[in-house]
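Trainee: What follows is a structure written as structure tokens; I'll ask about it next.
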Amino acid sequence: MRKNVFTLLIAFIMCLASCSFISKNFDTSDKDNLVIQLITYVLDEAHYLDKEINDEFSEKVFDTFLENLDPYKRYFYASDFEEFSKYKYSVDDAFKNPNLDFFELVYKRYNKRISESEKIFNSILSKPFDFSKNEVFELDFEVLEYVQSKEELYDRWRKLLKIYVIENYHNEIEDDLRKQEEDANFKVRDFKLIEKETRESLAETLIQNFKFVTEEMQRSDWFSVYINSFVSQYDPNTSYLDPESKDRFDVDMSGNYAGIGARLQKKIDKVEITEVISGGPAWRDNILEKGDAILKVRQDKQEESVSILNMRLSEAVKLIKGKKGTKVHLTVKKVDGSISEVTVKRDIVQLEETYIKSSIVEKGNNNYGVINIPKFYIDFDNQNNRDAAKDLRTEIIRLKEQGMKGLVIDLRNNGGGALKTVVDMAGMFIKNGPVVQVKYYDKEKQVLSDRDRSILWTGPLVILVNEGSASASEILAAAMQDYKRAIIIGGNQTWGKGTVQNVFPLNRMVRGNTNGDLGALRYTTQKYYRINGGSVQLEGVKSDINVPYRYKYLDYGEKDSENPLRWDEIDKVNYTTWESNFDFDLAISKSKERMSNNEYLKLVDENARWIKKVRDDKLINLNYDKFKIELEKNSSETEKFKALNDFSMNYNFRSLPYELDLIEKDSVLGIKRERWHKSLNKDFYIDEALNVLSDLRFSYLDN
């Protein structure tokens with residue numbers, strides 16, 4: 001959430017920037033030591049947690065740093081680890097009184113081992129792989145041990161490289177066979193040739209990556225890894241942004257670049273999509289989703305794809321970004337384990353698609369409204385610009401003019417935004433009262449309330465959420481649930497982020513800084529709580545109606561991240577629940593009964609369990625015949641799940657009159673709305689939400 005919503009927090013930060021930070025004396029003779037001093041000072045003075053920096057903390061930093069550098073233990077030996085271990089319980093002291101002995105030792109040894117690895121992978125890839133050999137590799141890096149000898153290290157590299165080659169070897173064979181089916185004159189390559197070409201392609205990729213790591217990655221890049229190994233122990237949302245990362249963060253927030261419209265994160269040696277941005281090209285094409293891993297990147301009119309295996313995130317992003325209107329081809333490993341190449345046309349994220357939009361739909365001779373809220377936007381610098389709360393008010397009024405009898409608000413994959421907007425929105429559905437509680441660790445709580453006694457919508461209300469609904473979305477859903485004002489439909493729970501962060505430029509703390517840009521620290525300052533006193537931290541918002549979904553059994557959310565802040569609760573505030581004649585219990589009961597007999601949902605749940613099973617299987621078979629059998633088994637298993645794509649309803653979703661006028665002048669807008677309405681008709685969540693609204697309306701009429 002946007003920290004500058006809170007007046008007290010602004011005053012606090014201004015105080016830090018103008019008084020206590022500047023009055024503190026720092027040793028500015030060495031930039032790295034200065035960064036450590038500044039970060040430890042800010043965390044000690046302003047982070048939500050009063051964290052004890054002790055030997056236990058030191059051990060966690062030690063382990064995290066080595067895991068970040070060498071997760072598959074393919075560089076360091078057991079003897080290296082033993083040598084490093086003399087610092088295991090003194091890293092905390094090295095941050096209290098800046099000392100880089102541990103970092104320098106690991107950094108220099110890492111560079112040495114990386115240089116040695118070039119000879120290893122060149123040697124391995126100079127000879128054909130034996131795909132008839134019966135062997136497996138455990139991909140769960142947490143169970144791997146450091147190797148004892150050069151022979152063991154060579155074998156680990158061999159198996160890791162063989163995984164890559166066997167997957168691409170299989171894909172190339174299948175591709176040739178598919179081309180032969182399409183063209184009888186196409187000649188399938190000899191399998192030995194395919195193995196050779198695949199192996200040589202990997203060798204070329206590794207040489208490029210090796211060159212990048214040894215020639216382009218600077219000491220400062222590894223220093224940032226070290227610093228983040230420290231700050232991440234506070235909580236998963238606290239991180240150090242080095243100057244380059246900060247620039248990337250600022251550009252990302254502004255959206256002023258052409259790309260695929262996805263937020264990316266480095267996970268071990270792969271680049272994973274953590275969010276598909278509303279309004280972006282990937283979102284519009286609906287071909288990528290959270291959890292997908294990008295393996296290769298190919299530019300348009302370029303024959304060979306470039307592997308981003310082990311590539312630094314910023315460099316991978318450079319390959320993916322490009323000029324507006326150009327195409328990029330991505331080899332993607334989907335969440336279910338399947339691999340395919342997808343094409344995305346780069347574009348600027350279209351702001352119009354990040355704004356609220358609505359539709360009217362008829363069900364049982366009654367009109368119902370559907371409003372999609374991609375994020376809680378507001379421009380604090382220009383109050384005349386778009387504001388999600390104002391836009392929501394406008395859309396509700398327009399829907400009421402169309403005779404709306406029930407309302408669905410869609411918050412799925414809404415990652416949050418401005419807290420002020422949430423409070424304003426909540427006030428449209430209740431008479432008045434508290435909406436959320438906010439608290440620093442050492443200060444009295446603040447209660448943010450709706451003080452407007454008017455109610456914009458008094459009819460049936462359903463709110464849709466999923467595991468991607470976070471922060472401000474969770475506040476709105478929780479408030480409506482606590483007031484018993486709406487029925488929440490979603491998965492097991494929402495994301496579970498009950499914290500507030502601030503991004504603070506470190507340069508502000510040093511007068512007359514001559515060390516250049518020091519970067520910034522993103523750190524947690526507050527927690528927020530429901531009006532019933534509970535936190536959404538870790539637990540999220542539990543749905544009143546739990547709908548099965550494809551990734552139900554996968555690890556998602558704050559609770560599955562490292563070092564999350566714990567769940568707790570504070571005193572509830574006084575509030576009066578909504579009084580109406582709508583029978584929530586009856587509507588929820590009917591919904592559960594409907595879903596229990598729904599064959600489509602049974603298949604969704606079966607698919608979710610299968611995806612979980614595939615993701616949990618970390619054992620890779622390196623015998624090609626067995627590898628192929630497993631793939632064919634998985635492929636046949638997925639065939640029955642293709643029926644899920646056939647789900648469709650027959651509702652008539654319509655744009656409102658004002659938008660129809662706009663569409664007459666803007667055919668592109670018409671295409672967008674047609675696409676949205678089509679997707680709504682294939683959305684089981686929407687179908688069930690409309691059923692629930694009908695049940696609520698009829699329960700009211702029965703009374």
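Following the order of the structure tokens, first chain is A, next is B, and so on, with residues numbered from 1 inside each chain and ligands from 1 in the order they appear.
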Taking the DSSP assignment computed from this structure's backbone, write out as a list in words all residues of segment 434-524 of chain A that belong to helix (DSSP H, G or I).
Mentor: Ala472, Ser473, Glu474, Ile475, Leu476, Ala477, Ala478, Ala479, Met480, Gln481, Asp482, Leu506, Asn507, Arg508 and Met509 of chain A
Trainee: Could you name the residues that touch Phe103 of chain A at 12 Å or less, counting only C-alpha atoms, but leaving out those on the same chain fewer than 2 positions away, as a ChimeraX atom specification?
Mentor: /A:32-33,61-62,65-66,69,84,87-88,90-91,94-95,98-101,105-110,219-220,222-227,229-230
Trainee: Distance table requested - segment 380-498 of chain A against segment 36-47 of chain A, cut-off 12 Å, only C-alpha atoms: one row per qualifying residue with the closest atom pair and its distance in Å to one decimal, ordered by chain and rising residue number, as a tab-separated table.
Mentor:
residue	atom	partner	partner_atom	distance
A:Tyr440	CA	A:His47	CA	9.2
A:Tyr441	CA	A:His47	CA	8.8
A:Asp442	CA	A:Ala46	CA	10.4
Trainee: Which residues, written as a ChimeraX atom specification, have at least one atom at most 9 Å from segment 646-656 of chain A, with only C-alpha atoms counted and residues fewer than 3 positions away on the same chain left out?
Mentor: /A:358-363,398-399,402,600,642-643,659-661,673-674,677-684,687
Trainee: So, counting only C-alpha atoms, which residue among A:Ser589, A:Asn171, A:Asn134, A:Gln180 is closest to Asn623 of chain A?
Mentor: A:Asn134
Trainee: Segment 229-346 of chain A near segment 523-546 of chain A within 10 Å: what's each residue's closest atom pair and its distance in Å to one decimal, counting only C-alpha atoms, ordered by chain then ascending residue number, as a tab-separated table?
Mentor:
residue	atom	partner	partner_atom	distance
A:Val231	CA	A:Tyr523	CA	8.6
A:Ser232	CA	A:Tyr523	CA	9.5
A:Tyr234	CA	A:Thr524	CA	8.7
A:Asp235	CA	A:Thr524	CA	7.8
A:Pro236	CA	A:Thr524	CA	9.3
A:Asn237	CA	A:Tyr523	CA	6.7
A:Thr238	CA	A:Tyr523	CA	4.3
A:Ser239	CA	A:Tyr523	CA	6.6
A:Tyr240	CA	A:Tyr523	CA	8.5
Trainee: Any idea what the distance is between atom CA of Glu59 of chain A and atom CA of Tyr72 of chain A?
Mentor: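 About the pair atom CA of Glu59 of chain A and atom CA of Tyr72 of chain A: they are 19.3 Å apart.
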Trainee: Of the residues A:Glu200, A:Asp155, A:Glu639, A:Asp517, which is the one nearest to Leu241 of chain A, using only C-alpha atoms?
Mentor: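 Using only C-alpha atoms, Leu241 of chain A sits closest to A:Asp517.
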Trainee: Identify which of the residues A:Ala282, A:Ser561, A:Lys301, A:Arg511 lies closest to Asp27 of chain A, counting only C-alpha atoms when measuring atom-to-atom distances.
Mentor: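 Comparing A:Ala282, A:Ser561, A:Lys301, A:Arg511 against Asp27 of chain A, the winner is A:Arg511.
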